[in-house]
$ cat protein34.cif   # mmCIF, N, CA and C atoms
data_data
#
loop_
_atom_site.label_atom_id
_atom_site.label_comp_id
_atom_site.auth_asym_id
_atom_site.auth_seq_id
_atom_site.Cartn_x
_atom_site.Cartn_y
_atom_site.Cartn_z
N MET W 45 -34.32 -6.25 53.71
CA MET W 45 -34.02 -7.04 52.54
C MET W 45 -32.52 -7.07 52.33
N SER W 46 -31.99 -8.24 52.14
CA SER W 46 -30.55 -8.36 51.95
C SER W 46 -30.25 -8.67 50.48
N TYR W 47 -29.11 -8.18 50.04
CA TYR W 47 -28.68 -8.45 48.67
C TYR W 47 -27.16 -8.48 48.63
N ALA W 48 -26.63 -8.97 47.52
CA ALA W 48 -25.19 -9.03 47.32
C ALA W 48 -24.89 -8.69 45.88
N VAL W 49 -23.67 -8.23 45.63
CA VAL W 49 -23.19 -7.98 44.28
C VAL W 49 -22.09 -9.00 44.03
N ILE W 50 -22.31 -9.87 43.03
CA ILE W 50 -21.34 -10.91 42.72
C ILE W 50 -20.74 -10.65 41.34
N GLU W 51 -19.58 -11.26 41.10
CA GLU W 51 -18.94 -11.16 39.79
C GLU W 51 -18.75 -12.56 39.24
N THR W 52 -19.23 -12.78 38.03
CA THR W 52 -19.03 -14.05 37.35
C THR W 52 -19.07 -13.81 35.85
N GLY W 53 -18.21 -14.47 35.13
CA GLY W 53 -18.18 -14.32 33.69
C GLY W 53 -17.79 -12.94 33.23
N GLY W 54 -17.05 -12.19 34.06
CA GLY W 54 -16.63 -10.85 33.69
C GLY W 54 -17.73 -9.80 33.85
N LYS W 55 -18.85 -10.17 34.45
CA LYS W 55 -19.96 -9.24 34.66
C LYS W 55 -20.34 -9.22 36.13
N GLN W 56 -21.01 -8.16 36.55
CA GLN W 56 -21.44 -8.03 37.93
C GLN W 56 -22.96 -8.08 37.99
N TYR W 57 -23.49 -8.77 39.02
CA TYR W 57 -24.92 -8.94 39.18
C TYR W 57 -25.32 -8.61 40.61
N ARG W 58 -26.43 -7.90 40.77
CA ARG W 58 -27.00 -7.64 42.10
C ARG W 58 -28.06 -8.71 42.32
N VAL W 59 -27.86 -9.54 43.35
CA VAL W 59 -28.75 -10.67 43.59
C VAL W 59 -29.27 -10.65 45.01
N SER W 60 -30.46 -11.19 45.20
CA SER W 60 -30.99 -11.45 46.53
C SER W 60 -31.57 -12.86 46.53
N THR W 61 -31.89 -13.36 47.70
CA THR W 61 -32.37 -14.73 47.82
C THR W 61 -33.66 -14.91 47.03
N GLY W 62 -33.70 -15.97 46.21
CA GLY W 62 -34.88 -16.25 45.40
C GLY W 62 -34.80 -15.73 43.98
N ASP W 63 -33.79 -14.92 43.67
CA ASP W 63 -33.65 -14.37 42.31
C ASP W 63 -33.23 -15.45 41.32
N THR W 64 -33.74 -15.33 40.10
CA THR W 64 -33.34 -16.20 39.00
C THR W 64 -32.66 -15.32 37.96
N LEU W 65 -31.45 -15.73 37.53
CA LEU W 65 -30.75 -14.92 36.55
C LEU W 65 -30.01 -15.80 35.55
N GLU W 66 -29.74 -15.21 34.39
CA GLU W 66 -29.02 -15.89 33.31
C GLU W 66 -27.60 -15.35 33.30
N ILE W 67 -26.63 -16.26 33.43
CA ILE W 67 -25.23 -15.87 33.47
C ILE W 67 -24.47 -16.64 32.41
N GLU W 68 -23.19 -16.34 32.24
CA GLU W 68 -22.35 -17.07 31.30
C GLU W 68 -22.33 -18.55 31.68
N ARG W 69 -22.16 -19.42 30.70
CA ARG W 69 -22.22 -20.87 30.89
C ARG W 69 -21.23 -21.33 31.96
N LEU W 70 -21.73 -22.13 32.92
CA LEU W 70 -20.90 -22.71 33.98
C LEU W 70 -20.74 -24.21 33.73
N PRO W 71 -19.60 -24.79 34.09
CA PRO W 71 -19.40 -26.23 33.90
C PRO W 71 -20.01 -27.04 35.04
N VAL W 72 -21.30 -26.83 35.32
CA VAL W 72 -22.01 -27.52 36.40
C VAL W 72 -23.28 -28.11 35.81
N GLU W 73 -23.60 -29.35 36.18
CA GLU W 73 -24.81 -30.00 35.68
C GLU W 73 -26.06 -29.34 36.25
N ALA W 74 -27.16 -29.42 35.51
CA ALA W 74 -28.44 -28.87 35.96
C ALA W 74 -28.91 -29.67 37.17
N GLY W 75 -29.44 -28.97 38.17
CA GLY W 75 -29.90 -29.62 39.39
C GLY W 75 -28.89 -29.56 40.52
N GLN W 76 -27.62 -29.29 40.21
CA GLN W 76 -26.60 -29.19 41.25
C GLN W 76 -26.50 -27.75 41.74
N THR W 77 -25.75 -27.57 42.83
CA THR W 77 -25.57 -26.23 43.38
C THR W 77 -24.16 -25.75 43.06
N THR W 78 -24.01 -24.45 43.00
CA THR W 78 -22.71 -23.83 42.77
C THR W 78 -22.55 -22.68 43.76
N THR W 79 -21.32 -22.32 44.05
CA THR W 79 -21.03 -21.25 45.00
C THR W 79 -20.22 -20.17 44.30
N PHE W 80 -20.65 -18.94 44.46
CA PHE W 80 -19.93 -17.78 43.94
C PHE W 80 -19.18 -17.16 45.10
N ASP W 81 -17.84 -17.18 45.05
CA ASP W 81 -17.06 -16.62 46.14
C ASP W 81 -16.50 -15.24 45.81
N ARG W 82 -16.69 -14.76 44.58
CA ARG W 82 -16.30 -13.39 44.24
C ARG W 82 -17.46 -12.46 44.55
N VAL W 83 -17.63 -12.16 45.84
CA VAL W 83 -18.70 -11.29 46.33
C VAL W 83 -18.08 -9.92 46.58
N LEU W 84 -18.59 -8.91 45.87
CA LEU W 84 -18.02 -7.57 45.95
C LEU W 84 -18.66 -6.71 47.02
N LEU W 85 -19.94 -6.96 47.33
CA LEU W 85 -20.65 -6.16 48.32
C LEU W 85 -21.77 -6.99 48.89
N VAL W 86 -22.03 -6.82 50.20
CA VAL W 86 -23.15 -7.49 50.86
C VAL W 86 -23.89 -6.47 51.70
N ASN W 87 -25.22 -6.47 51.59
CA ASN W 87 -26.08 -5.62 52.42
C ASN W 87 -27.07 -6.53 53.12
N GLN W 88 -26.96 -6.63 54.45
CA GLN W 88 -27.89 -7.44 55.23
C GLN W 88 -28.61 -6.53 56.21
N ASP W 89 -29.85 -6.19 55.88
CA ASP W 89 -30.70 -5.36 56.74
C ASP W 89 -30.03 -4.05 57.16
N GLY W 90 -29.38 -3.39 56.22
CA GLY W 90 -28.77 -2.10 56.48
C GLY W 90 -27.30 -2.17 56.85
N ARG W 91 -26.80 -3.34 57.22
CA ARG W 91 -25.37 -3.51 57.50
C ARG W 91 -24.67 -3.82 56.19
N ILE W 92 -23.67 -3.03 55.84
CA ILE W 92 -23.03 -3.14 54.52
C ILE W 92 -21.57 -3.54 54.69
N TRP W 93 -21.16 -4.53 53.91
CA TRP W 93 -19.76 -4.94 53.81
C TRP W 93 -19.33 -4.70 52.37
N VAL W 94 -18.25 -3.93 52.21
CA VAL W 94 -17.71 -3.64 50.89
C VAL W 94 -16.34 -4.30 50.80
N GLY W 95 -16.12 -5.06 49.75
CA GLY W 95 -14.88 -5.78 49.59
C GLY W 95 -13.78 -4.95 48.97
N THR W 96 -12.55 -5.38 49.20
CA THR W 96 -11.39 -4.72 48.60
C THR W 96 -10.48 -5.76 47.97
N PRO W 97 -10.73 -6.37 46.88
CA PRO W 97 -11.90 -6.20 46.01
C PRO W 97 -13.06 -7.10 46.37
N THR W 98 -12.85 -8.17 47.19
CA THR W 98 -13.96 -9.05 47.56
C THR W 98 -14.14 -9.05 49.06
N VAL W 99 -15.35 -9.41 49.49
CA VAL W 99 -15.66 -9.52 50.91
C VAL W 99 -15.11 -10.85 51.41
N ALA W 100 -14.33 -10.81 52.49
CA ALA W 100 -13.73 -12.04 53.03
C ALA W 100 -14.82 -12.92 53.65
N ASN W 101 -14.72 -14.21 53.41
CA ASN W 101 -15.62 -15.24 53.96
C ASN W 101 -17.08 -15.05 53.53
N ALA W 102 -17.31 -14.38 52.44
CA ALA W 102 -18.67 -14.22 51.92
C ALA W 102 -18.85 -15.12 50.71
N ALA W 103 -20.05 -15.68 50.58
CA ALA W 103 -20.34 -16.56 49.46
C ALA W 103 -21.83 -16.50 49.14
N VAL W 104 -22.15 -16.72 47.88
CA VAL W 104 -23.53 -16.80 47.43
C VAL W 104 -23.74 -18.20 46.85
N THR W 105 -24.71 -18.91 47.38
CA THR W 105 -25.01 -20.26 46.91
C THR W 105 -26.21 -20.19 45.97
N ALA W 106 -26.10 -20.91 44.84
CA ALA W 106 -27.18 -20.90 43.85
C ALA W 106 -27.37 -22.30 43.30
N GLU W 107 -28.59 -22.58 42.88
CA GLU W 107 -28.92 -23.86 42.26
C GLU W 107 -29.00 -23.67 40.75
N VAL W 108 -28.35 -24.56 40.01
CA VAL W 108 -28.38 -24.47 38.55
C VAL W 108 -29.71 -25.05 38.07
N VAL W 109 -30.51 -24.22 37.41
CA VAL W 109 -31.83 -24.63 36.95
C VAL W 109 -31.73 -25.30 35.58
N ALA W 110 -31.05 -24.65 34.63
CA ALA W 110 -30.98 -25.19 33.27
C ALA W 110 -29.84 -24.52 32.51
N HIS W 111 -29.50 -25.11 31.39
CA HIS W 111 -28.57 -24.52 30.44
C HIS W 111 -29.35 -24.19 29.18
N LYS W 112 -29.04 -23.04 28.57
CA LYS W 112 -29.74 -22.67 27.35
C LYS W 112 -28.85 -21.77 26.51
N ARG W 113 -29.35 -21.40 25.36
CA ARG W 113 -28.64 -20.50 24.47
C ARG W 113 -29.44 -19.21 24.36
N GLY W 114 -28.73 -18.10 24.31
CA GLY W 114 -29.37 -16.80 24.21
C GLY W 114 -29.92 -16.55 22.82
N GLU W 115 -30.50 -15.37 22.64
CA GLU W 115 -31.05 -15.03 21.33
C GLU W 115 -29.93 -14.78 20.34
N LYS W 116 -30.24 -14.95 19.08
CA LYS W 116 -29.23 -14.81 18.04
C LYS W 116 -28.96 -13.34 17.76
N LYS W 117 -27.68 -12.98 17.76
CA LYS W 117 -27.24 -11.63 17.43
C LYS W 117 -26.65 -11.68 16.02
N ILE W 118 -27.04 -10.73 15.19
CA ILE W 118 -26.56 -10.66 13.81
C ILE W 118 -25.44 -9.62 13.72
N VAL W 119 -24.33 -10.01 13.13
CA VAL W 119 -23.21 -9.10 12.90
C VAL W 119 -23.11 -8.92 11.38
N TRP W 120 -23.31 -7.69 10.91
CA TRP W 120 -23.31 -7.40 9.48
C TRP W 120 -22.23 -6.36 9.22
N LYS W 121 -21.22 -6.75 8.43
CA LYS W 121 -20.13 -5.84 8.07
C LYS W 121 -20.24 -5.52 6.59
N MET W 122 -20.00 -4.27 6.25
CA MET W 122 -20.10 -3.88 4.85
C MET W 122 -19.24 -2.64 4.60
N LYS W 123 -18.58 -2.62 3.45
CA LYS W 123 -17.86 -1.43 3.01
C LYS W 123 -18.49 -0.99 1.70
N ARG W 124 -19.04 0.19 1.70
CA ARG W 124 -19.78 0.63 0.53
C ARG W 124 -18.88 0.84 -0.68
N ARG W 125 -19.44 0.54 -1.82
CA ARG W 125 -18.79 0.69 -3.12
C ARG W 125 -17.56 -0.21 -3.29
N LYS W 126 -17.33 -1.17 -2.40
CA LYS W 126 -16.17 -2.05 -2.52
C LYS W 126 -16.57 -3.50 -2.79
N GLY W 127 -17.85 -3.79 -2.72
CA GLY W 127 -18.31 -5.14 -2.95
C GLY W 127 -18.07 -6.08 -1.77
N TYR W 128 -17.73 -5.51 -0.62
CA TYR W 128 -17.44 -6.33 0.57
C TYR W 128 -18.63 -6.31 1.51
N HIS W 129 -19.13 -7.48 1.83
CA HIS W 129 -20.12 -7.60 2.90
C HIS W 129 -19.99 -8.99 3.52
N LYS W 130 -20.23 -9.04 4.82
CA LYS W 130 -20.06 -10.28 5.56
C LYS W 130 -21.17 -10.37 6.59
N LEU W 131 -21.82 -11.52 6.66
CA LEU W 131 -22.89 -11.76 7.62
C LEU W 131 -22.45 -12.86 8.57
N GLN W 132 -22.59 -12.61 9.86
CA GLN W 132 -22.20 -13.59 10.86
C GLN W 132 -23.20 -13.52 12.01
N GLY W 133 -23.50 -14.67 12.61
CA GLY W 133 -24.41 -14.72 13.74
C GLY W 133 -23.70 -15.25 14.98
N HIS W 134 -24.28 -14.96 16.16
CA HIS W 134 -23.71 -15.43 17.42
C HIS W 134 -24.85 -15.72 18.41
N ARG W 135 -24.76 -16.88 19.08
CA ARG W 135 -25.69 -17.21 20.17
C ARG W 135 -24.86 -17.55 21.40
N GLN W 136 -25.09 -16.81 22.48
CA GLN W 136 -24.32 -16.99 23.71
C GLN W 136 -24.83 -18.19 24.49
N GLU W 137 -23.92 -18.99 25.03
CA GLU W 137 -24.26 -20.11 25.90
C GLU W 137 -24.53 -19.55 27.29
N LEU W 138 -25.69 -19.87 27.87
CA LEU W 138 -26.10 -19.31 29.16
C LEU W 138 -26.45 -20.42 30.15
N THR W 139 -26.36 -20.08 31.43
CA THR W 139 -26.80 -20.95 32.51
C THR W 139 -27.81 -20.18 33.34
N VAL W 140 -28.94 -20.80 33.63
CA VAL W 140 -29.98 -20.18 34.46
C VAL W 140 -29.78 -20.68 35.88
N VAL W 141 -29.58 -19.76 36.83
CA VAL W 141 -29.36 -20.13 38.23
C VAL W 141 -30.39 -19.43 39.11
N LYS W 142 -30.72 -20.07 40.24
CA LYS W 142 -31.62 -19.50 41.23
C LYS W 142 -30.85 -19.38 42.54
N VAL W 143 -30.76 -18.16 43.06
CA VAL W 143 -30.00 -17.89 44.28
C VAL W 143 -30.76 -18.44 45.48
N THR W 144 -30.05 -19.24 46.29
CA THR W 144 -30.69 -19.87 47.45
C THR W 144 -30.24 -19.26 48.78
N GLU W 145 -28.99 -18.78 48.86
CA GLU W 145 -28.49 -18.30 50.14
C GLU W 145 -27.35 -17.31 49.95
N ILE W 146 -27.31 -16.30 50.84
CA ILE W 146 -26.21 -15.33 50.89
C ILE W 146 -25.57 -15.46 52.26
N LYS W 147 -24.28 -15.83 52.28
CA LYS W 147 -23.56 -16.03 53.55
C LYS W 147 -22.49 -14.96 53.70
N VAL W 148 -22.34 -14.46 54.94
CA VAL W 148 -21.27 -13.51 55.25
C VAL W 148 -20.41 -14.10 56.35
#
$ encode --input "protein34.cif" --output "structure tokens"
Amino acid sequence: MSYAVIETGGKQYRVSTGDTLEIERLPVEAGQTTTFDRVLLVNQDGRIWVGTPTVANAAVTAEVVAHKRGEKKIVWKMKRRKGYHKLQGHRQELTVVKVTEIKV
């Protein structure tokens, strides 16, 4: 089984072919393909390539399935006995991608 560790949106993900994952919003239309070239590690059937910081000539190709918004996070700030309280919400913009190929 082969897998790769990619970096996108300031986060790292361990992916293999066929995986579906939610990542930070990408400026790519749904149905198109995108390529991740920040590949930090590749394991192909026991052969391992570790990047310094990235693996040269390695890429992960993925198909953009959809765009969506994450669940709502509530931020509640309060200072007791001061009459101060503030309520704020946040929903992260996400892109759902399906990994199609890992190239080394």
$ resolve_selection --input "protein34.cif" --expression "the PyMOL selection byres ((chain W and resi 50-64) around 5)" --output "PDB file with N, CA and C atoms, in the coordinates of the input"
ATOM      1  N   SER W  46     -31.990  -8.240  52.140  1.00  0.00           N
ATOM      2  CA  SER W  46     -30.550  -8.360  51.950  1.00  0.00           C
ATOM      3  C   SER W  46     -30.250  -8.670  50.480  1.00  0.00           C
ATOM      4  N   TYR W  47     -29.110  -8.180  50.040  1.00  0.00           N
ATOM      5  CA  TYR W  47     -28.680  -8.450  48.670  1.00  0.00           C
ATOM      6  C   TYR W  47     -27.160  -8.480  48.630  1.00  0.00           C
ATOM      7  N   ALA W  48     -26.630  -8.970  47.520  1.00  0.00           N
ATOM      8  CA  ALA W  48     -25.190  -9.030  47.320  1.00  0.00           C
ATOM      9  C   ALA W  48     -24.890  -8.690  45.880  1.00  0.00           C
ATOM     10  N   VAL W  49     -23.670  -8.230  45.630  1.00  0.00           N
ATOM     11  CA  VAL W  49     -23.190  -7.980  44.280  1.00  0.00           C
ATOM     12  C   VAL W  49     -22.090  -9.000  44.030  1.00  0.00           C
ATOM     13  N   LEU W  65     -31.450 -15.730  37.530  1.00  0.00           N
ATOM     14  CA  LEU W  65     -30.750 -14.920  36.550  1.00  0.00           C
ATOM     15  C   LEU W  65     -30.010 -15.800  35.550  1.00  0.00           C
ATOM     16  N   GLU W  66     -29.740 -15.210  34.390  1.00  0.00           N
ATOM     17  CA  GLU W  66     -29.020 -15.890  33.310  1.00  0.00           C
ATOM     18  C   GLU W  66     -27.600 -15.350  33.300  1.00  0.00           C
ATOM     19  N   ARG W  82     -16.690 -14.760  44.580  1.00  0.00           N
ATOM     20  CA  ARG W  82     -16.300 -13.390  44.240  1.00  0.00           C
ATOM     21  C   ARG W  82     -17.460 -12.460  44.550  1.00  0.00           C
ATOM     22  N   VAL W  83     -17.630 -12.160  45.840  1.00  0.00           N
ATOM     23  CA  VAL W  83     -18.700 -11.290  46.330  1.00  0.00           C
ATOM     24  C   VAL W  83     -18.080  -9.920  46.580  1.00  0.00           C
ATOM     25  N   LEU W  84     -18.590  -8.910  45.870  1.00  0.00           N
ATOM     26  CA  LEU W  84     -18.020  -7.570  45.950  1.00  0.00           C
ATOM     27  C   LEU W  84     -18.660  -6.710  47.020  1.00  0.00           C
ATOM     28  N   VAL W 141     -29.580 -19.760  36.830  1.00  0.00           N
ATOM     29  CA  VAL W 141     -29.360 -20.130  38.230  1.00  0.00           C
ATOM     30  C   VAL W 141     -30.390 -19.430  39.110  1.00  0.00           C
ATOM     31  N   LYS W 142     -30.720 -20.070  40.240  1.00  0.00           N
ATOM     32  CA  LYS W 142     -31.620 -19.500  41.230  1.00  0.00           C
ATOM     33  C   LYS W 142     -30.850 -19.380  42.540  1.00  0.00           C
ATOM     34  N   VAL W 143     -30.760 -18.160  43.060  1.00  0.00           N
ATOM     35  CA  VAL W 143     -30.000 -17.890  44.280  1.00  0.00           C
ATOM     36  C   VAL W 143     -30.760 -18.440  45.480  1.00  0.00           C
ATOM     37  N   THR W 144     -30.050 -19.240  46.290  1.00  0.00           N
ATOM     38  CA  THR W 144     -30.690 -19.870  47.450  1.00  0.00           C
ATOM     39  C   THR W 144     -30.240 -19.260  48.780  1.00  0.00           C
TER      40      THR W 144
END
$ select_by_dssp --input "protein34.cif" --residues "region 87-137 of chain W" --states "strand (DSSP E)" --output "PyMOL selection string"
chain W and resi 87-88+91-94+103-113+117-123+128-134+137
$ resolve_selection --input "protein34.cif" --expression "the PyMOL selection byres ((chain W and resi 73) around 8)" --output "JSON, numbers by chain"
{"W": [70, 71, 72, 74, 75, 76, 77, 107, 108, 109, 110, 111]}
$ atom_distance --input "protein34.cif" --atom1 "CA of Lys130 (chain W)" --atom2 "atom C of Lys112 (chain W)"
25.5 Å
$ closest_residue --input "protein34.cif" --among "W:Met122, W:Val99, W:Glu115, W:Thr79" --to "Glu137 (chain W)" --atoms "only N, CA and C atoms"
W:Glu115
$ resolve_selection --input "protein34.cif" --expression "the PyMOL selection byres ((chain W and resi 95) around 7)" --output "PyMOL selection string"
chain W and resi 83-86+93-94+96-100
$ atom_distance --input "protein34.cif" --atom1 "CA of Arg135 (chain W)" --atom2 "CA of Trp120 (chain W)"
14.7 Å
$ atom_distance --input "protein34.cif" --atom1 "atom C of Ala106 (chain W)" --atom2 "atom C of Ile92 (chain W)"
22.7 Å
$ axis_aligned_box --input "protein34.cif" --around "region 92-101 of chain W" --padding-each-side "5 Å" --output "JSON"
{"center_x": -17.1, "center_y": -9.1, "center_z": 50.9, "size_x": 23.2, "size_y": 22.2, "size_z": 19.8}
$ residues_near_point --input "protein34.cif" --point "(-25.4, -19.3, 30.3)" --cutoff "6 Å" --atoms "only C-alpha atoms" --output "number ranges by chain"
W: 66-69, 137-139
